[in-house]
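Q: Dropping in target.txt, which is compact mmCIF, C-alpha atoms:
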# COMPACT_ATOMS: atom_id res chain seq x y z
CA MET A 1 100.58 22.37 121.37
CA ARG A 2 101.79 25.69 122.44
CA PRO A 3 101.74 28.66 120.16
CA ALA A 4 105.13 29.80 118.96
CA PRO A 5 106.52 32.67 120.98
CA GLN A 6 106.33 35.96 119.17
CA ALA A 7 109.29 38.26 119.05
CA LYS A 8 108.81 41.43 120.96
CA THR A 9 108.93 44.46 118.72
CA ARG A 10 110.35 47.62 120.15
CA ASP A 11 108.99 50.98 119.22
CA PRO A 12 112.03 52.98 118.05
CA PHE A 13 110.44 56.17 119.39
CA ALA A 14 109.57 54.75 122.79
CA LEU A 15 112.69 56.21 124.38
CA SER A 16 112.62 59.47 122.42
CA HIS A 17 111.52 62.31 124.67
CA GLY A 18 112.52 65.36 122.61
CA PHE A 19 114.81 66.81 119.98
CA THR A 20 118.52 66.26 119.77
CA LEU A 21 120.91 69.15 119.95
CA LEU A 22 121.76 68.72 116.27
CA GLU A 23 118.10 68.96 115.27
CA LEU A 24 117.68 72.14 117.29
CA LEU A 25 120.78 73.70 115.73
CA ILE A 26 119.51 72.92 112.22
CA ILE A 27 116.14 74.51 113.01
CA LEU A 28 117.90 77.56 114.47
CA ALA A 29 120.04 77.91 111.32
CA VAL A 30 117.00 77.70 109.03
CA VAL A 31 115.14 80.34 111.08
CA ALA A 32 118.19 82.62 111.02
CA VAL A 33 118.49 82.40 107.22
CA LEU A 34 114.78 83.08 106.71
CA THR A 35 114.94 86.06 109.07
CA ALA A 36 118.00 87.48 107.32
CA ILE A 37 116.07 87.41 104.05
CA ALA A 38 112.66 88.53 105.33
CA ILE A 39 113.52 91.55 107.48
CA PRO A 40 115.32 93.63 104.79
CA SER A 41 112.60 92.78 102.27
CA TYR A 42 109.91 93.87 104.69
CA ARG A 43 111.69 97.13 105.49
CA ASP A 44 112.06 97.89 101.78
CA TYR A 45 108.36 97.17 101.24
CA VAL A 46 107.37 99.53 104.09
CA LEU A 47 109.53 102.34 102.67
CA ARG A 48 108.14 101.88 99.16
CA SER A 49 104.58 101.89 100.47
CA GLY A 50 105.30 105.13 102.37
CA ARG A 51 106.08 106.84 99.06
CA SER A 52 102.42 106.61 98.08
CA GLU A 53 101.64 109.03 100.90
CA ALA A 54 103.81 111.69 99.25
CA LEU A 55 102.37 111.06 95.79
CA THR A 56 98.80 111.27 97.07
CA ALA A 57 99.48 114.49 98.98
CA LEU A 58 101.14 116.15 95.97
CA LYS A 59 98.25 115.20 93.67
CA ASP A 60 95.75 116.53 96.23
CA LEU A 61 97.68 119.78 96.58
CA SER A 62 97.88 120.15 92.81
CA ARG A 63 94.11 119.83 92.55
CA LEU A 64 93.64 122.38 95.35
CA GLU A 65 96.05 124.83 93.66
CA GLU A 66 94.09 124.56 90.40
CA ASP A 67 90.80 125.10 92.25
CA TYR A 68 92.29 128.12 94.02
CA ARG A 69 93.55 129.62 90.75
CA SER A 70 90.16 129.21 89.10
CA ASN A 71 88.73 131.53 91.77
CA GLN A 72 91.66 133.87 92.52
CA LEU A 73 93.44 134.07 89.12
CA ALA A 74 96.76 133.20 90.79
CA TYR A 75 98.30 130.29 92.66
CA THR A 76 98.90 130.51 96.39
CA GLY A 77 102.25 130.07 98.06
CA THR A 78 101.02 128.82 101.43
CA LEU A 79 99.45 125.55 102.45
CA SER A 80 97.28 127.20 105.11
CA VAL A 81 95.37 129.12 102.42
CA LEU A 82 94.50 125.76 100.87
CA ASN A 83 93.60 124.44 104.33
CA TYR A 84 96.15 121.64 103.92
CA PRO A 85 98.54 120.36 106.64
CA THR A 86 102.30 120.78 106.32
CA VAL A 87 102.93 117.11 107.15
CA THR A 88 101.34 114.05 105.54
CA PRO A 89 98.83 112.08 107.68
CA ASN A 90 101.32 109.44 108.89
CA GLY A 91 104.09 111.98 109.42
CA LEU A 92 106.33 110.60 106.67
CA TYR A 93 106.72 113.73 104.50
CA GLN A 94 107.01 117.47 105.02
CA LEU A 95 104.98 119.37 102.40
CA GLN A 96 105.62 122.80 100.96
CA ILE A 97 104.85 125.03 98.02
CA SER A 98 108.35 125.93 96.90
CA THR A 99 107.38 128.19 93.98
CA SER A 100 104.18 130.08 93.36
CA THR A 101 103.37 132.77 90.81
CA THR A 102 100.29 133.79 88.89
CA THR A 103 101.10 131.26 86.18
CA ARG A 104 102.90 128.36 87.84
CA TYR A 105 103.64 126.49 91.07
CA THR A 106 105.98 123.81 92.37
CA LEU A 107 105.00 121.45 95.17
CA GLN A 108 107.49 119.49 97.21
CA ALA A 109 107.30 116.53 99.63
CA THR A 110 110.47 115.81 101.63
CA ALA A 111 110.91 112.65 103.69
CA ILE A 112 111.00 113.04 107.46
CA GLY A 113 111.04 110.67 110.42
CA SER A 114 111.20 106.98 109.63
CA GLN A 115 110.90 107.67 105.89
CA LEU A 116 114.42 109.16 105.95
CA ALA A 117 115.63 105.57 105.67
CA ASP A 118 114.40 105.65 102.05
CA LYS A 119 117.63 106.64 100.32
CA THR A 120 116.17 106.23 96.80
CA CYS A 121 113.27 108.69 96.95
CA ARG A 122 114.04 111.43 99.45
CA THR A 123 112.24 114.39 97.86
CA PHE A 124 109.32 114.45 95.41
CA THR A 125 108.44 117.47 93.27
CA LEU A 126 105.33 118.17 91.19
CA THR A 127 104.89 121.29 89.06
CA GLY A 128 101.73 122.89 87.73
CA MET A 129 102.77 121.68 84.28
CA GLY A 130 102.61 118.08 85.51
CA GLU A 131 106.37 117.54 85.69
CA GLU A 132 107.11 114.81 88.23
CA THR A 133 110.64 114.60 89.61
CA ALA A 134 112.34 113.02 92.60
CA VAL A 135 115.82 113.01 94.05
CA ASP A 136 117.64 110.47 96.18
CA SER A 137 119.57 111.15 99.38
CA GLY A 138 122.62 112.21 97.34
CA GLY A 139 120.65 114.72 95.26
CA SER A 140 120.65 112.61 92.08
CA ASP A 141 117.55 112.26 89.90
CA SER A 142 115.53 109.16 90.76
CA GLY A 143 112.16 110.16 89.35
CA HIS A 144 111.89 107.17 87.03
CA GLN A 145 111.91 104.86 90.07
CA CYS A 146 109.92 106.95 92.48
CA TRP A 147 106.91 108.07 90.44
CA LYS A 148 106.08 104.70 88.90
CA ARG A 149 102.66 103.46 89.83
For the structure just supplied, provide its representation as structure tokens.

A:
Amino acid sequence: MRPAPQAKTRDPFALSHGFTLLELLIILAVVAVLTAIAIPSYRDYVLRSGRSEALTALKDLSRLEEDYRSNQLAYTGTLSVLNYPTVTPNGLYQLQISTSTTTRYTLQATAIGSQLADKTCRTFTLTGMGEETAVDSGGSDSGHQCWKR
């Protein structure tokens, strides 16, 4: 007796050599949506992280002003006396001492370069009394957003 012939089974993927056009279009659409979401979020994150450079510089300058006053009985009006650069290390903010008297000072960090894209926190200000303010690109107060830690 002969064994019964077995039906040949075909592998459904045997003829498949790649992706169909529809599959590629779906993948392209998914990548486009993810990119449209990710890039603005990343840019916003980079701008917010750049703000910490201004905050750190202003706190450092404030400490240097207090050290200077303890020796000279007055605050200085120039960064060079404090041996401090006029631009933050990554070149994101221009620093200045906008007001300086024997009893008070006001420090300012203004966005420059790529940080100018930060419309929310354009200029930071710190006074000798510890007042922390910030203004946006339109000149409106945005300190509550910009100085949060």

Q: Rounded to one decimal place, report the atom CA of A:Ala117-atom CA of A:Arg43 distance in Å.

A: 9.3 Å

Q: Pick out the closest residue to A:Pro89 from this set: A:Ser137, A:Thr56, A:Thr127, A:Ser70. Count all atoms listed in the file.

A: A:Thr56

Q: Skip A:Glu132 itself and residues of its chain fewer than 5 positions away, then list as JSON, numbers by chain all residues within 12 Å of it, counting all atoms listed in the file.

A: {"A": [54, 55, 58, 59, 62, 106, 107, 108, 109, 123, 124, 125, 126, 127, 141, 142, 143, 144, 145, 146, 147, 148]}

Q: Excluding A:Lys119 and its own-chain neighbours fewer than 4 positions away, which residues fall within 9 Å of it when counting only C-alpha atoms? Please give them as an MDAnalysis selection string.

A: chainID A and resid 115 136:138

Q: Could you check which of A:Val30, A:Ile97, A:Leu47, A:Ala111 is closest to A:Pro85, using only C-alpha atoms?

A: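 Closest candidate: A:Ile97.
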
Q: Pick out the closest residue to A:Tyr68 from this set: A:Thr133, A:Ser49, A:Thr102, A:Thr35. Count all atoms listed in the file.

A: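 Looking at the shortest contact to A:Tyr68, the residue is A:Thr102.
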
Q: Any idea what the distance is between atom CA of A:Ser52 and atom CA of A:Ser114?

A: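 Computed distance, atom CA of A:Ser52 to atom CA of A:Ser114, equals 14.5 Å.
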
Q: Between A:Leu34, A:Gly130, A:Ser41, A:Gly18, which is the closest to A:Arg63 once you count all atoms listed in the file?

A: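 Comparing A:Leu34, A:Gly130, A:Ser41, A:Gly18 against A:Arg63, the winner is A:Gly130.
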
Q: Point out the residue among A:Leu79, A:Val87, A:Ile39, A:Ile26 with the least atom-to-atom distance to A:Ser100, counting all atoms listed in the file.

A: A:Leu79

Q: Using all atoms listed in the file for the distances, tell me which of A:Thr86, A:Ser98, A:Cys121, A:Glu131 is nearest to A:Arg51.

A: A:Cys121

Q: Would you mind reading off the distance between atom CA of A:Asp60 and atom CA of A:Tyr42, one decimal, in Å?

A: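 Separating atom CA of A:Asp60 from atom CA of A:Tyr42 is a distance of 28.0 Å.
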
Q: Could you work out an axis-aligned box for stretch 60-68 of chain A, taking every atom the file lists and adding 4 Å on each side, and report centre and edge lengths in Å to one decimal, as lines of an AutoDock Vina configuration file?

A:
center_x = 94.3
center_y = 122.3
center_z = 93.5
size_x = 15.1
size_y = 19.6
size_z = 14.2

Q: If we count all atoms listed in the file, what is near A:Thr103 at a cut-off of 10 Å, once residues fewer than 4 positions away on the same chain are taken out, given as a list in words?

A: Arg69, Leu73, Ala74, Tyr75, Gly128 and Met129 of chain A

Q: Fix up stretch 87-113 of chain A with N, CA and C atoms, then write it as a PDB file, keeping the file's coordinate frame.

A:
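Here's the written file rebuild.pdb:
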ATOM      1  N   VAL A  87     102.366 118.462 107.029  1.00  0.00           N
ATOM      2  CA  VAL A  87     102.930 117.110 107.150  1.00  0.00           C
ATOM      3  C   VAL A  87     101.861 116.120 106.695  1.00  0.00           C
ATOM      4  N   THR A  88     102.279 115.072 105.996  1.00  0.00           N
ATOM      5  CA  THR A  88     101.340 114.050 105.540  1.00  0.00           C
ATOM      6  C   THR A  88     100.716 113.337 106.742  1.00  0.00           C
ATOM      7  N   PRO A  89      99.572 112.665 106.551  1.00  0.00           N
ATOM      8  CA  PRO A  89      98.830 112.080 107.680  1.00  0.00           C
ATOM      9  C   PRO A  89      99.643 111.160 108.601  1.00  0.00           C
ATOM     10  N   ASN A  90     100.521 110.353 108.060  1.00  0.00           N
ATOM     11  CA  ASN A  90     101.320 109.440 108.890  1.00  0.00           C
ATOM     12  C   ASN A  90     102.656 110.036 109.303  1.00  0.00           C
ATOM     13  N   GLY A  91     102.863 111.302 109.007  1.00  0.00           N
ATOM     14  CA  GLY A  91     104.090 111.980 109.420  1.00  0.00           C
ATOM     15  C   GLY A  91     105.336 111.523 108.691  1.00  0.00           C
ATOM     16  N   LEU A  92     105.183 111.103 107.427  1.00  0.00           N
ATOM     17  CA  LEU A  92     106.330 110.600 106.670  1.00  0.00           C
ATOM     18  C   LEU A  92     106.966 111.662 105.773  1.00  0.00           C
ATOM     19  N   TYR A  93     106.213 112.704 105.416  1.00  0.00           N
ATOM     20  CA  TYR A  93     106.720 113.730 104.500  1.00  0.00           C
ATOM     21  C   TYR A  93     106.320 115.123 104.956  1.00  0.00           C
ATOM     22  N   GLN A  94     107.247 116.047 104.792  1.00  0.00           N
ATOM     23  CA  GLN A  94     107.010 117.470 105.020  1.00  0.00           C
ATOM     24  C   GLN A  94     106.592 118.059 103.671  1.00  0.00           C
ATOM     25  N   LEU A  95     105.492 118.798 103.640  1.00  0.00           N
ATOM     26  CA  LEU A  95     104.980 119.370 102.400  1.00  0.00           C
ATOM     27  C   LEU A  95     105.232 120.862 102.345  1.00  0.00           C
ATOM     28  N   GLN A  96     105.470 121.351 101.132  1.00  0.00           N
ATOM     29  CA  GLN A  96     105.620 122.800 100.960  1.00  0.00           C
ATOM     30  C   GLN A  96     105.330 123.179  99.510  1.00  0.00           C
ATOM     31  N   ILE A  97     104.986 124.444  99.350  1.00  0.00           N
ATOM     32  CA  ILE A  97     104.850 125.030  98.020  1.00  0.00           C
ATOM     33  C   ILE A  97     106.131 125.821  97.824  1.00  0.00           C
ATOM     34  N   SER A  98     107.042 125.298  97.013  1.00  0.00           N
ATOM     35  CA  SER A  98     108.350 125.930  96.900  1.00  0.00           C
ATOM     36  C   SER A  98     108.371 127.097  95.926  1.00  0.00           C
ATOM     37  N   THR A  99     107.473 127.093  94.943  1.00  0.00           N
ATOM     38  CA  THR A  99     107.380 128.190  93.980  1.00  0.00           C
ATOM     39  C   THR A  99     105.911 128.463  93.711  1.00  0.00           C
ATOM     40  N   SER A 100     105.551 129.732  93.671  1.00  0.00           N
ATOM     41  CA  SER A 100     104.180 130.080  93.360  1.00  0.00           C
ATOM     42  C   SER A 100     104.140 131.459  92.718  1.00  0.00           C
ATOM     43  N   THR A 101     103.576 131.505  91.508  1.00  0.00           N
ATOM     44  CA  THR A 101     103.370 132.770  90.810  1.00  0.00           C
ATOM     45  C   THR A 101     101.941 132.780  90.286  1.00  0.00           C
ATOM     46  N   THR A 102     101.637 133.758  89.470  1.00  0.00           N
ATOM     47  CA  THR A 102     100.290 133.790  88.890  1.00  0.00           C
ATOM     48  C   THR A 102     100.108 132.720  87.824  1.00  0.00           C
ATOM     49  N   THR A 103     101.224 132.206  87.286  1.00  0.00           N
ATOM     50  CA  THR A 103     101.100 131.260  86.180  1.00  0.00           C
ATOM     51  C   THR A 103     101.656 129.867  86.470  1.00  0.00           C
ATOM     52  N   ARG A 104     102.350 129.681  87.577  1.00  0.00           N
ATOM     53  CA  ARG A 104     102.900 128.360  87.840  1.00  0.00           C
ATOM     54  C   ARG A 104     103.131 128.134  89.335  1.00  0.00           C
ATOM     55  N   TYR A 105     103.326 126.856  89.692  1.00  0.00           N
ATOM     56  CA  TYR A 105     103.640 126.490  91.070  1.00  0.00           C
ATOM     57  C   TYR A 105     104.487 125.221  91.073  1.00  0.00           C
ATOM     58  N   THR A 106     105.198 125.022  92.166  1.00  0.00           N
ATOM     59  CA  THR A 106     105.980 123.810  92.370  1.00  0.00           C
ATOM     60  C   THR A 106     105.720 123.315  93.782  1.00  0.00           C
ATOM     61  N   LEU A 107     105.291 122.076  93.878  1.00  0.00           N
ATOM     62  CA  LEU A 107     105.000 121.450  95.170  1.00  0.00           C
ATOM     63  C   LEU A 107     106.118 120.483  95.511  1.00  0.00           C
ATOM     64  N   GLN A 108     106.394 120.354  96.797  1.00  0.00           N
ATOM     65  CA  GLN A 108     107.490 119.490  97.210  1.00  0.00           C
ATOM     66  C   GLN A 108     107.098 118.685  98.453  1.00  0.00           C
ATOM     67  N   ALA A 109     107.490 117.402  98.460  1.00  0.00           N
ATOM     68  CA  ALA A 109     107.300 116.530  99.630  1.00  0.00           C
ATOM     69  C   ALA A 109     108.671 115.957  99.978  1.00  0.00           C
ATOM     70  N   THR A 110     109.149 116.253 101.180  1.00  0.00           N
ATOM     71  CA  THR A 110     110.470 115.810 101.630  1.00  0.00           C
ATOM     72  C   THR A 110     110.313 114.823 102.768  1.00  0.00           C
ATOM     73  N   ALA A 111     111.003 113.703 102.674  1.00  0.00           N
ATOM     74  CA  ALA A 111     110.910 112.650 103.690  1.00  0.00           C
ATOM     75  C   ALA A 111     111.364 113.158 105.052  1.00  0.00           C
ATOM     76  N   ILE A 112     110.639 112.736 106.075  1.00  0.00           N
ATOM     77  CA  ILE A 112     111.000 113.040 107.460  1.00  0.00           C
ATOM     78  C   ILE A 112     110.787 111.770 108.299  1.00  0.00           C
ATOM     79  N   GLY A 113     111.271 111.786 109.499  1.00  0.00           N
ATOM     80  CA  GLY A 113     111.040 110.670 110.420  1.00  0.00           C
ATOM     81  C   GLY A 113     111.568 109.351 109.895  1.00  0.00           C
TER      82      GLY A 113
END
